[in-house]
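Here the structure is laid out as structure tokens; the discussion comes afterwards.
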Amino acid sequence: AVVADGHGGSTASRHCAQRLPELIFAQKSPSMDESLRSAWARCVEEYLEVENGVGAVCAAIYIDLDVQRGVALHCGDCRVVGLDSNGFVLFDTSDHRLDDPLEVEALLNRGGELYEGRVRAGNWLVAVPRALGCNTWRTNGIVPVADLTPFDTNSLSALIIASDGFFDAFSSQDAALYLHALRLFRPLLDTNDLAATLATRAANLYSTDDISVAVVLL
């Protein structure tokens with residue numbers, strides 16, 4: 001499952017959403033971590049051929065139910081939240097944001113420049129220090145470096161993968177409890193309906209950013 005949020009257009013987010021699952025399935029490595037890393041690296045290489053100055057942040061999960069293990073990949077401020085059967089968060093991924101002093105320090109060490117709280121990249125002002133982007137973004141310190149977060153699936157009941165627009169309205173724990181309540185009181189909703197209901201609720205809570213949500217039930 002993949003969620004990608006475009007910055008400056010939809011080209012990069014569509015590239016992530018279409019190509020990353022295909023590239024993951026094409027990997028031959030028995031290691032889930034290595035498969036995700038290799039797939040992401042190839043996804044980045046392919047996008048570098050596009051010189052249109054737009055980018056995307058991304059989160060993806062890869063699960064092997066036979067070994068009851070999964071790995072979350074995240075680059076930028078999309079987030080993965082895993083919750084148990086009582087609606088409590090068992091893990092969530094960290095956001096790569098400019099309100100994190102370590103991310104800002106790393107950006108400046110790469111030669112990046114901040115202007116009015118954003119990263120200056122040519123004619124663009126970008127809200128995140130890490131993202132999939134074209135060469136203009138990379139030469140200005142915005143890097144497509146993803147982190148991996150491993151997790152066990154045997155204690156999980158569901159996962160939420162969503163863009164920052166969703167988490168502008170919900171904390172990880174609030175989102176987990178809301179999804180738990182939806183499953184409890186509206187048991188006929190499928191994953192698409194659950195994701196749509198979460199997104200609509202975030203919009204109704206006055207989130208003004210783009211909202212993308214995916215739900216995986218275990």
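By convention in this document, the chains of the structure tokens carry letters A, B, ... by their order, each chain's residues are numbered from 1, and ligands are numbered from 1 in the order they are shown.
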
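Within 10 Å of Ile161 in chain A, once only C-alpha atoms are used and residues closer than 5 positions along the same chain are dropped, the contacting residues are Ala1, Val2, Val3, Ala4, Cys58, Ala59, Ala60, Ile61, Ala72, His74, Cys78, Arg79, Val80, Val81, Gly82, Asp92, Thr93, Phe166, Ala195, Ser212, Val213, Ala214, Val215 and Val216 of chain A.
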
All heavy atoms of the current selection, written as a compact mmCIF listing (two decimals), in the first residue's frame:
```txt
# COMPACT_ATOMS: atom_id res chain seq x y z
N ALA A 1 0.84 -1.18 0.00
CA ALA A 1 0.00 0.00 0.00
C ALA A 1 0.89 1.24 0.00
O ALA A 1 1.89 1.28 0.71
CB ALA A 1 -0.92 0.01 1.22
N VAL A 2 0.52 2.24 -0.79
CA VAL A 2 1.32 3.45 -0.96
C VAL A 2 0.41 4.67 -0.87
O VAL A 2 -0.69 4.68 -1.45
CB VAL A 2 2.05 3.46 -2.32
CG1 VAL A 2 2.79 4.78 -2.52
CG2 VAL A 2 3.00 2.29 -2.44
N VAL A 3 0.86 5.69 -0.15
CA VAL A 3 0.24 7.01 -0.18
C VAL A 3 1.32 8.02 -0.54
O VAL A 3 2.40 8.02 0.06
CB VAL A 3 -0.41 7.39 1.18
CG1 VAL A 3 -0.71 8.88 1.24
CG2 VAL A 3 -1.68 6.59 1.39
N ALA A 4 1.05 8.85 -1.53
CA ALA A 4 1.99 9.89 -1.95
C ALA A 4 1.26 11.22 -2.04
O ALA A 4 0.11 11.27 -2.48
CB ALA A 4 2.62 9.54 -3.30
N CYS A 58 6.14 10.53 0.44
CA CYS A 58 5.57 9.20 0.22
C CYS A 58 5.70 8.34 1.48
O CYS A 58 6.67 8.47 2.24
CB CYS A 58 6.30 8.53 -0.95
SG CYS A 58 5.73 6.86 -1.35
N ALA A 59 4.73 7.48 1.68
CA ALA A 59 4.82 6.41 2.68
C ALA A 59 4.27 5.14 2.06
O ALA A 59 3.30 5.18 1.29
CB ALA A 59 4.04 6.77 3.94
N ALA A 60 4.89 4.02 2.39
CA ALA A 60 4.47 2.74 1.83
C ALA A 60 4.68 1.66 2.87
O ALA A 60 5.55 1.77 3.74
CB ALA A 60 5.27 2.41 0.57
N ILE A 61 3.88 0.60 2.80
CA ILE A 61 4.08 -0.55 3.68
C ILE A 61 4.20 -1.81 2.84
O ILE A 61 3.58 -1.93 1.77
CB ILE A 61 2.95 -0.71 4.71
CG1 ILE A 61 1.58 -0.83 4.04
CG2 ILE A 61 2.96 0.43 5.71
CD1 ILE A 61 0.48 -1.26 4.98
N ALA A 72 7.58 -0.37 7.08
CA ALA A 72 7.05 0.89 6.56
C ALA A 72 8.20 1.74 6.04
O ALA A 72 9.22 1.89 6.70
CB ALA A 72 6.31 1.65 7.66
N HIS A 74 9.10 5.61 4.65
CA HIS A 74 8.52 6.95 4.67
C HIS A 74 9.59 7.98 4.35
O HIS A 74 10.73 7.91 4.83
CB HIS A 74 7.88 7.26 6.03
CG HIS A 74 8.73 6.95 7.23
ND1 HIS A 74 9.27 7.91 8.03
CD2 HIS A 74 9.13 5.77 7.75
CE1 HIS A 74 9.97 7.35 8.99
NE2 HIS A 74 9.90 6.04 8.85
N CYS A 78 4.42 12.21 5.02
CA CYS A 78 3.39 11.18 5.10
C CYS A 78 3.72 10.26 6.27
O CYS A 78 4.88 10.10 6.63
CB CYS A 78 3.32 10.37 3.80
SG CYS A 78 2.59 11.24 2.40
N ARG A 79 2.71 9.65 6.84
CA ARG A 79 2.91 8.89 8.08
C ARG A 79 2.17 7.56 8.04
O ARG A 79 1.10 7.45 7.44
CB ARG A 79 2.42 9.70 9.28
CG ARG A 79 2.78 9.13 10.65
CD ARG A 79 2.15 9.94 11.78
NE ARG A 79 2.40 11.38 11.66
CZ ARG A 79 1.82 12.30 12.42
NH1 ARG A 79 0.93 11.92 13.34
NH2 ARG A 79 2.11 13.57 12.26
N VAL A 80 2.74 6.57 8.72
CA VAL A 80 2.11 5.26 8.90
C VAL A 80 1.82 5.08 10.39
O VAL A 80 2.71 5.31 11.22
CB VAL A 80 3.01 4.12 8.40
CG1 VAL A 80 2.32 2.77 8.61
CG2 VAL A 80 3.37 4.31 6.93
N VAL A 81 0.60 4.66 10.71
CA VAL A 81 0.19 4.42 12.09
C VAL A 81 -0.34 3.00 12.19
O VAL A 81 -1.22 2.60 11.42
CB VAL A 81 -0.90 5.41 12.54
CG1 VAL A 81 -1.34 5.11 13.98
CG2 VAL A 81 -0.41 6.84 12.42
N GLY A 82 0.19 2.23 13.13
CA GLY A 82 -0.30 0.88 13.39
C GLY A 82 -1.04 0.84 14.71
O GLY A 82 -0.54 1.37 15.72
N ASP A 92 4.10 4.51 15.21
CA ASP A 92 3.88 5.44 14.11
C ASP A 92 5.24 5.93 13.63
O ASP A 92 6.22 5.93 14.38
CB ASP A 92 2.95 6.60 14.46
CG ASP A 92 3.44 7.44 15.63
OD1 ASP A 92 4.45 7.07 16.27
OD2 ASP A 92 2.83 8.48 15.91
N THR A 93 5.31 6.29 12.37
CA THR A 93 6.57 6.72 11.80
C THR A 93 6.79 8.21 12.08
O THR A 93 5.84 8.96 12.33
CB THR A 93 6.59 6.48 10.28
OG1 THR A 93 5.50 7.17 9.66
CG2 THR A 93 6.48 4.99 9.97
N PHE A 166 -4.05 15.06 6.45
CA PHE A 166 -4.87 14.30 7.40
C PHE A 166 -4.39 14.51 8.82
O PHE A 166 -5.18 14.76 9.74
CB PHE A 166 -4.83 12.81 7.04
CG PHE A 166 -5.56 11.93 8.01
CD1 PHE A 166 -6.94 11.87 8.00
CD2 PHE A 166 -4.86 11.19 8.95
CE1 PHE A 166 -7.63 11.07 8.91
CE2 PHE A 166 -5.53 10.38 9.86
CZ PHE A 166 -6.92 10.33 9.84
N ALA A 195 -11.30 4.58 4.63
CA ALA A 195 -10.34 5.63 4.25
C ALA A 195 -11.07 6.90 3.84
O ALA A 195 -10.67 8.01 4.22
CB ALA A 195 -9.45 5.12 3.12
N SER A 212 -4.84 12.57 1.69
CA SER A 212 -4.84 11.23 1.08
C SER A 212 -4.74 10.22 2.23
O SER A 212 -3.90 10.38 3.13
CB SER A 212 -3.66 11.05 0.14
OG SER A 212 -3.72 11.95 -0.94
N VAL A 213 -5.59 9.19 2.18
CA VAL A 213 -5.64 8.19 3.27
C VAL A 213 -5.82 6.81 2.67
O VAL A 213 -6.60 6.62 1.73
CB VAL A 213 -6.81 8.47 4.25
CG1 VAL A 213 -6.78 7.46 5.40
CG2 VAL A 213 -6.77 9.88 4.78
N ALA A 214 -5.09 5.84 3.23
CA ALA A 214 -5.31 4.43 2.93
C ALA A 214 -5.43 3.68 4.25
O ALA A 214 -4.77 4.04 5.23
CB ALA A 214 -4.18 3.86 2.08
N VAL A 215 -6.25 2.65 4.26
CA VAL A 215 -6.45 1.81 5.46
C VAL A 215 -6.18 0.36 5.07
O VAL A 215 -6.66 -0.11 4.04
CB VAL A 215 -7.87 1.96 6.03
CG1 VAL A 215 -8.11 0.94 7.13
CG2 VAL A 215 -8.09 3.38 6.55
N VAL A 216 -5.42 -0.32 5.91
CA VAL A 216 -5.15 -1.75 5.73
C VAL A 216 -5.63 -2.46 6.99
O VAL A 216 -5.25 -2.10 8.10
CB VAL A 216 -3.65 -2.02 5.50
CG1 VAL A 216 -3.39 -3.52 5.44
CG2 VAL A 216 -3.15 -1.33 4.25
```

Requested in this report: From a DSSP calculation on the backbone, collect every residue of range 5-215 of chain A in helix (DSSP H, G or I) and output the set as a PyMOL selection string.
Outcome: chain A and resi 11-25+32-47+101-109+135-139+164-167+172-185+191-204

Query - Long-range neighbours of Asp5 in chain A as an MDAnalysis selection string, 12 Å cut-off, only C-alpha atoms, 2 positions minimum in chain - result: chainID A and resid 2:3 7:17 54:60 74:79 127:128 131:133 161:166 209:213

Please produce a file of the residues just selected, as a compact mmCIF listing (two decimals), in the first residue's frame, where the atoms kept are N, CA and C atoms.
```
# COMPACT_ATOMS: atom_id res chain seq x y z
N VAL A 2 0.52 2.24 -0.79
CA VAL A 2 1.32 3.45 -0.96
C VAL A 2 0.41 4.67 -0.87
N VAL A 3 0.86 5.69 -0.15
CA VAL A 3 0.24 7.01 -0.18
C VAL A 3 1.32 8.02 -0.54
N HIS A 7 3.85 17.81 -4.17
CA HIS A 7 4.22 19.19 -3.84
C HIS A 7 4.49 19.91 -5.16
N GLY A 8 3.59 20.81 -5.54
CA GLY A 8 3.76 21.54 -6.78
C GLY A 8 3.13 20.87 -7.98
N GLY A 9 2.28 19.88 -7.75
CA GLY A 9 1.63 19.18 -8.85
C GLY A 9 1.50 17.70 -8.54
N SER A 10 0.90 16.96 -9.45
CA SER A 10 0.60 15.55 -9.19
C SER A 10 1.55 14.58 -9.90
N THR A 11 2.50 15.09 -10.69
CA THR A 11 3.35 14.20 -11.48
C THR A 11 4.14 13.24 -10.60
N ALA A 12 4.80 13.77 -9.58
CA ALA A 12 5.64 12.92 -8.73
C ALA A 12 4.81 11.97 -7.89
N SER A 13 3.69 12.43 -7.36
CA SER A 13 2.86 11.55 -6.54
C SER A 13 2.26 10.42 -7.37
N ARG A 14 1.86 10.72 -8.59
CA ARG A 14 1.35 9.67 -9.48
C ARG A 14 2.46 8.67 -9.82
N HIS A 15 3.66 9.18 -10.02
CA HIS A 15 4.79 8.29 -10.29
C HIS A 15 5.00 7.34 -9.12
N CYS A 16 5.01 7.85 -7.89
CA CYS A 16 5.17 6.99 -6.71
C CYS A 16 4.06 5.96 -6.61
N ALA A 17 2.83 6.42 -6.74
CA ALA A 17 1.69 5.53 -6.56
C ALA A 17 1.65 4.43 -7.61
N VAL A 54 8.67 19.52 -9.84
CA VAL A 54 7.69 19.14 -8.82
C VAL A 54 8.19 17.90 -8.10
N GLY A 55 7.58 17.64 -6.94
CA GLY A 55 8.02 16.50 -6.15
C GLY A 55 6.88 15.93 -5.35
N ALA A 56 7.23 14.96 -4.48
CA ALA A 56 6.21 14.31 -3.66
C ALA A 56 6.87 13.71 -2.43
N VAL A 57 6.09 13.64 -1.36
CA VAL A 57 6.46 12.84 -0.20
C VAL A 57 5.67 11.54 -0.28
N CYS A 58 6.14 10.53 0.44
CA CYS A 58 5.57 9.20 0.22
C CYS A 58 5.70 8.34 1.48
N ALA A 59 4.73 7.48 1.68
CA ALA A 59 4.82 6.41 2.68
C ALA A 59 4.27 5.14 2.06
N ALA A 60 4.89 4.02 2.39
CA ALA A 60 4.47 2.74 1.83
C ALA A 60 4.68 1.66 2.87
N HIS A 74 9.10 5.61 4.65
CA HIS A 74 8.52 6.95 4.67
C HIS A 74 9.59 7.98 4.35
N CYS A 75 9.21 8.90 3.48
CA CYS A 75 10.10 9.99 3.06
C CYS A 75 9.26 11.26 3.02
N GLY A 76 9.58 12.22 3.90
CA GLY A 76 8.77 13.43 3.97
C GLY A 76 7.80 13.37 5.13
N ASP A 77 6.62 13.94 4.96
CA ASP A 77 5.69 14.04 6.08
C ASP A 77 4.41 13.23 5.89
N CYS A 78 4.42 12.21 5.02
CA CYS A 78 3.39 11.18 5.10
C CYS A 78 3.72 10.26 6.27
N ARG A 79 2.71 9.65 6.84
CA ARG A 79 2.91 8.89 8.08
C ARG A 79 2.17 7.56 8.04
N ALA A 127 8.12 22.75 1.44
CA ALA A 127 7.80 22.66 2.86
C ALA A 127 8.55 21.56 3.59
N VAL A 128 9.24 20.68 2.89
CA VAL A 128 9.89 19.53 3.53
C VAL A 128 11.35 19.43 3.10
N ALA A 131 12.17 14.61 0.12
CA ALA A 131 11.09 14.35 -0.82
C ALA A 131 11.67 13.78 -2.10
N LEU A 132 10.84 13.10 -2.85
CA LEU A 132 11.16 12.75 -4.22
C LEU A 132 11.01 14.01 -5.06
N GLY A 133 12.05 14.36 -5.81
CA GLY A 133 11.97 15.56 -6.61
C GLY A 133 12.97 15.52 -7.75
N ILE A 161 -2.30 4.87 6.59
CA ILE A 161 -1.23 5.53 5.85
C ILE A 161 -1.85 6.81 5.30
N ALA A 162 -1.26 7.95 5.63
CA ALA A 162 -1.94 9.20 5.25
C ALA A 162 -0.94 10.33 5.08
N SER A 163 -1.40 11.34 4.34
CA SER A 163 -0.60 12.54 4.10
C SER A 163 -0.71 13.48 5.29
N ASP A 164 0.14 14.52 5.26
CA ASP A 164 0.16 15.47 6.37
C ASP A 164 -1.14 16.25 6.49
N GLY A 165 -1.88 16.41 5.39
CA GLY A 165 -3.16 17.09 5.48
C GLY A 165 -4.11 16.39 6.42
N PHE A 166 -4.05 15.06 6.45
CA PHE A 166 -4.87 14.30 7.40
C PHE A 166 -4.39 14.51 8.82
N ASP A 209 -5.04 21.36 3.75
CA ASP A 209 -4.07 20.76 2.84
C ASP A 209 -4.73 19.59 2.11
N ASP A 210 -4.03 19.09 1.07
CA ASP A 210 -4.50 17.89 0.39
C ASP A 210 -4.53 16.72 1.38
N ILE A 211 -5.54 15.88 1.25
CA ILE A 211 -5.72 14.76 2.17
C ILE A 211 -5.77 13.46 1.37
N SER A 212 -4.84 12.57 1.69
CA SER A 212 -4.84 11.23 1.08
C SER A 212 -4.74 10.22 2.23
N VAL A 213 -5.59 9.19 2.18
CA VAL A 213 -5.64 8.19 3.27
C VAL A 213 -5.82 6.81 2.67
```

Query raised in the report: Skipping near chain neighbours, those fewer than 4 positions away, what residues fall within 8 Å of range 26-43 of chain A using only C-alpha atoms, listed as an NGL selection string?
Result: :A and (15-16 or 19-20 or 22 or 47 or 62 or 70-71 or 73 or 148)

**Report entry** Spatial neighbours of Arg138 in chain A, 10 Å, only C-alpha atoms, chain gap at least 6 places, as a VMD selection string
**Finding:** chain A and resid 48 110 112 121 129 to 132 144

Those selected residues, please, written with N, CA, C and O atoms and delivered as a tab-separated table (two decimals), in the first residue's frame.
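The new file selection34.tsv reads:
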```tsv
chain	number	residue	atom	x	y	z
A	48	LEU	N	14.09	11.06	-11.71
A	48	LEU	CA	15.10	12.07	-11.99
A	48	LEU	C	15.18	12.42	-13.47
A	48	LEU	O	15.76	13.44	-13.85
A	110	ARG	N	23.75	20.01	3.92
A	110	ARG	CA	23.73	19.61	2.50
A	110	ARG	C	23.79	20.82	1.57
A	110	ARG	O	23.73	20.66	0.35
A	112	GLY	N	21.49	23.33	1.73
A	112	GLY	CA	20.16	23.89	1.55
A	112	GLY	C	20.02	25.26	2.20
A	112	GLY	O	20.80	25.63	3.09
A	121	ALA	N	14.36	26.25	-3.46
A	121	ALA	CA	14.87	25.34	-4.50
A	121	ALA	C	14.56	25.96	-5.86
A	121	ALA	O	13.49	25.75	-6.41
A	129	PRO	N	12.21	18.89	3.98
A	129	PRO	CA	13.62	18.72	3.62
A	129	PRO	C	13.91	17.41	2.91
A	129	PRO	O	15.00	17.23	2.37
A	130	ARG	N	12.96	16.49	2.94
A	130	ARG	CA	13.13	15.21	2.25
A	130	ARG	C	11.92	14.97	1.36
A	130	ARG	O	10.77	15.09	1.80
A	131	ALA	N	12.17	14.61	0.12
A	131	ALA	CA	11.09	14.35	-0.82
A	131	ALA	C	11.67	13.78	-2.10
A	131	ALA	O	12.86	13.95	-2.40
A	132	LEU	N	10.84	13.10	-2.85
A	132	LEU	CA	11.16	12.75	-4.22
A	132	LEU	C	11.01	14.01	-5.06
A	132	LEU	O	9.98	14.68	-5.01
A	144	PRO	N	15.83	12.56	-1.45
A	144	PRO	CA	14.82	11.49	-1.38
A	144	PRO	C	15.27	10.35	-0.47
A	144	PRO	O	15.19	9.17	-0.84
```

Spatial neighbours of range 114-118 of chain A, max dist 12 Å, only C-alpha atoms, sep filter under 6 positions, as a CSV table (one decimal) with all heavy atoms, in the first residue's frame:
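As written to disk, selection26.csv reads:
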```csv
chain,number,residue,atom,x,y,z
A,97,ARG,N,10.2,16.9,8.8
A,97,ARG,CA,9.7,18.3,8.7
A,97,ARG,C,10.7,19.3,9.1
A,97,ARG,O,11.7,19.0,9.8
A,97,ARG,CB,8.4,18.4,9.6
A,97,ARG,CG,7.3,17.5,9.2
A,97,ARG,CD,6.2,17.4,10.3
A,97,ARG,NE,5.8,18.7,10.8
A,97,ARG,CZ,4.6,19.2,10.4
A,97,ARG,NH1,3.7,18.5,9.7
A,97,ARG,NH2,4.2,20.3,10.9
A,98,LEU,N,10.4,20.5,8.8
A,98,LEU,CA,11.3,21.6,9.1
A,98,LEU,C,11.1,22.2,10.5
A,98,LEU,O,11.9,23.1,10.9
A,98,LEU,CB,11.1,22.8,8.1
A,98,LEU,CG,11.5,22.4,6.6
A,98,LEU,CD1,11.1,23.5,5.7
A,98,LEU,CD2,13.1,22.2,6.6
A,99,ASP,N,10.2,21.6,11.3
A,99,ASP,CA,10.1,22.0,12.7
A,99,ASP,C,11.0,21.0,13.5
A,99,ASP,O,11.0,21.1,14.8
A,99,ASP,CB,8.7,22.0,13.2
A,99,ASP,CG,7.9,20.8,12.9
A,99,ASP,OD1,8.5,19.8,12.5
A,99,ASP,OD2,6.7,20.8,13.2
A,100,ASP,N,11.7,20.1,12.9
A,100,ASP,CA,12.6,19.2,13.5
A,100,ASP,C,14.0,19.8,13.4
A,100,ASP,O,14.6,19.9,12.3
A,100,ASP,CB,12.5,17.8,12.9
A,100,ASP,CG,13.5,16.8,13.6
A,100,ASP,OD1,14.4,17.2,14.3
A,100,ASP,OD2,13.2,15.6,13.4
A,103,GLU,N,16.5,17.8,11.3
A,103,GLU,CA,16.3,17.8,9.9
A,103,GLU,C,16.8,19.1,9.3
A,103,GLU,O,17.3,19.1,8.2
A,103,GLU,CB,14.8,17.6,9.6
A,103,GLU,CG,14.2,16.2,9.8
A,103,GLU,CD,14.7,15.2,8.9
A,103,GLU,OE1,15.2,15.6,7.7
A,103,GLU,OE2,14.7,14.0,9.2
A,104,VAL,N,16.6,20.2,10.0
A,104,VAL,CA,17.1,21.5,9.5
A,104,VAL,C,18.6,21.5,9.5
A,104,VAL,O,19.2,22.0,8.5
A,104,VAL,CB,16.6,22.6,10.4
A,104,VAL,CG1,17.2,24.0,10.0
A,104,VAL,CG2,15.0,22.8,10.3
A,105,GLU,N,19.2,21.0,10.5
A,105,GLU,CA,20.7,20.9,10.5
A,105,GLU,C,21.2,20.1,9.4
A,105,GLU,O,22.2,20.5,8.7
A,105,GLU,CB,21.2,20.3,11.9
A,105,GLU,CG,22.7,20.3,12.0
A,105,GLU,CD,23.1,19.6,13.3
A,105,GLU,OE1,22.3,19.2,14.1
A,105,GLU,OE2,24.3,19.6,13.5
A,107,LEU,N,19.7,19.5,6.5
A,107,LEU,CA,19.5,20.3,5.3
A,107,LEU,C,20.5,21.3,5.1
A,107,LEU,O,21.1,21.5,4.0
A,107,LEU,CB,18.1,21.0,5.4
A,107,LEU,CG,17.8,22.0,4.3
A,107,LEU,CD1,17.5,21.3,3.0
A,107,LEU,CD2,16.6,22.9,4.7
A,108,LEU,N,20.9,22.1,6.1
A,108,LEU,CA,21.9,23.1,6.0
A,108,LEU,C,23.2,22.6,5.7
A,108,LEU,O,24.0,23.1,4.9
A,108,LEU,CB,21.9,24.0,7.2
A,108,LEU,CG,20.6,24.8,7.6
A,108,LEU,CD1,20.8,25.5,8.9
A,108,LEU,CD2,20.2,25.7,6.4
A,124,TRP,N,11.2,27.5,-6.4
A,124,TRP,CA,10.2,26.9,-5.5
A,124,TRP,C,10.6,27.1,-4.1
A,124,TRP,O,11.8,27.3,-3.7
A,124,TRP,CB,10.2,25.4,-5.7
A,124,TRP,CG,9.8,25.0,-7.1
A,124,TRP,CD1,10.5,24.9,-8.3
A,124,TRP,CD2,8.4,24.7,-7.5
A,124,TRP,NE1,9.8,24.6,-9.3
A,124,TRP,CE2,8.5,24.4,-8.9
A,124,TRP,CE3,7.2,24.6,-6.8
A,124,TRP,CZ2,7.3,24.0,-9.6
A,124,TRP,CZ3,6.1,24.2,-7.5
A,124,TRP,CH2,6.2,23.9,-8.9
A,125,LEU,N,9.6,27.2,-3.2
A,125,LEU,CA,9.7,27.2,-1.8
A,125,LEU,C,9.0,25.9,-1.3
A,125,LEU,O,7.8,25.8,-1.4
A,125,LEU,CB,9.1,28.4,-1.1
A,125,LEU,CG,9.8,29.7,-1.4
A,125,LEU,CD1,9.0,30.9,-0.8
A,125,LEU,CD2,11.2,29.7,-0.9
A,126,VAL,N,9.8,25.0,-0.8
A,126,VAL,CA,9.3,23.6,-0.5
A,126,VAL,C,9.2,23.4,1.0
A,126,VAL,O,10.1,23.8,1.8
A,126,VAL,CB,10.3,22.6,-1.1
A,126,VAL,CG1,9.8,21.2,-0.9
A,126,VAL,CG2,10.5,22.9,-2.6
A,127,ALA,N,8.1,22.8,1.4
A,127,ALA,CA,7.8,22.7,2.9
A,127,ALA,C,8.5,21.6,3.6
A,127,ALA,O,8.5,21.5,4.8
A,127,ALA,CB,6.3,22.4,3.0
A,128,VAL,N,9.2,20.7,2.9
A,128,VAL,CA,9.9,19.5,3.5
A,128,VAL,C,11.3,19.4,3.1
A,128,VAL,O,11.7,19.8,2.0
A,128,VAL,CB,9.2,18.2,3.2
A,128,VAL,CG1,7.8,18.2,3.9
A,128,VAL,CG2,9.0,18.0,1.7
A,129,PRO,N,12.2,18.9,4.0
A,129,PRO,CA,13.6,18.7,3.6
A,129,PRO,C,13.9,17.4,2.9
A,129,PRO,O,15.0,17.2,2.4
A,129,PRO,CB,14.3,18.8,5.0
A,129,PRO,CG,13.3,18.2,5.9
A,129,PRO,CD,12.0,18.6,5.4
A,130,ARG,N,13.0,16.5,2.9
A,130,ARG,CA,13.1,15.2,2.3
A,130,ARG,C,11.9,15.0,1.4
A,130,ARG,O,10.8,15.1,1.8
A,130,ARG,CB,13.2,14.0,3.2
A,130,ARG,CG,14.4,14.1,4.2
A,130,ARG,CD,14.6,12.7,4.8
A,130,ARG,NE,15.1,12.7,6.1
A,130,ARG,CZ,15.3,11.6,6.8
A,130,ARG,NH1,15.2,10.4,6.3
A,130,ARG,NH2,15.8,11.7,8.1
A,140,ASN,N,19.5,21.6,-4.2
A,140,ASN,CA,19.2,22.6,-3.2
A,140,ASN,C,19.0,22.0,-1.8
A,140,ASN,O,18.4,22.6,-1.0
A,140,ASN,CB,18.1,23.5,-3.6
A,140,ASN,CG,18.4,24.5,-4.7
A,140,ASN,OD1,19.0,25.6,-4.3
A,140,ASN,ND2,18.2,24.2,-5.9
A,141,GLY,N,19.4,20.7,-1.7
A,141,GLY,CA,19.4,20.1,-0.4
A,141,GLY,C,18.3,19.2,-0.1
A,141,GLY,O,18.2,18.6,1.0
A,142,ILE,N,17.2,19.2,-0.9
A,142,ILE,CA,16.1,18.3,-0.7
A,142,ILE,C,16.4,16.9,-1.2
A,142,ILE,O,16.5,16.7,-2.4
A,142,ILE,CB,14.8,18.9,-1.4
A,142,ILE,CG1,14.5,20.3,-0.8
A,142,ILE,CG2,13.6,18.0,-1.1
A,142,ILE,CD1,13.5,21.0,-1.6
```

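Considering only C-alpha atoms, the residue among A:Asp152, A:Ser207, A:Pro187, A:Thr197 positioned nearest to Leu90 in chain A is A:Asp152.
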
Report task. Would you mind writing down, as a VMD selection string, each residue of range 49-217 of chain A that DSSP on the backbone assigns to strand (DSSP E or B)? Result -> chain A and resid 55 to 64 69 to 75 79 to 83 89 to 92 114 to 115 118 to 121 124 to 126 130 132 143 147 to 152 158 to 162 213 to 217

Query raised in the report: Could you name the residues that touch Phe88 in chain A at 8 Å or less, counting only C-alpha atoms, but leaving out those on the same chain fewer than 6 positions away, as a list in words?
Result: Gln173, Ala176 and Leu177 of chain A

Could you please take those selected residues and save C-alpha atoms as a PDB file, in the first residue's frame?
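That gives us result_12.pdb:
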```
ATOM      1  CA  GLN A 173      -3.763   8.341  18.567  1.00  0.00           C
ATOM      2  CA  ALA A 176      -6.439   5.279  15.634  1.00  0.00           C
ATOM      3  CA  LEU A 177      -9.358   5.702  18.033  1.00  0.00           C
TER       4      LEU A 177
END
```

Query raised in the report: Nearest to His96 in chain A: which of A:Val67, A:Leu83, A:Ala146, A:Leu23 is it, counting only C-alpha atoms?
Result: A:Ala146

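Rounded to one decimal, CA of Thr153 in chain A and CA of Asp84 in chain A lie 9.6 Å from each other.
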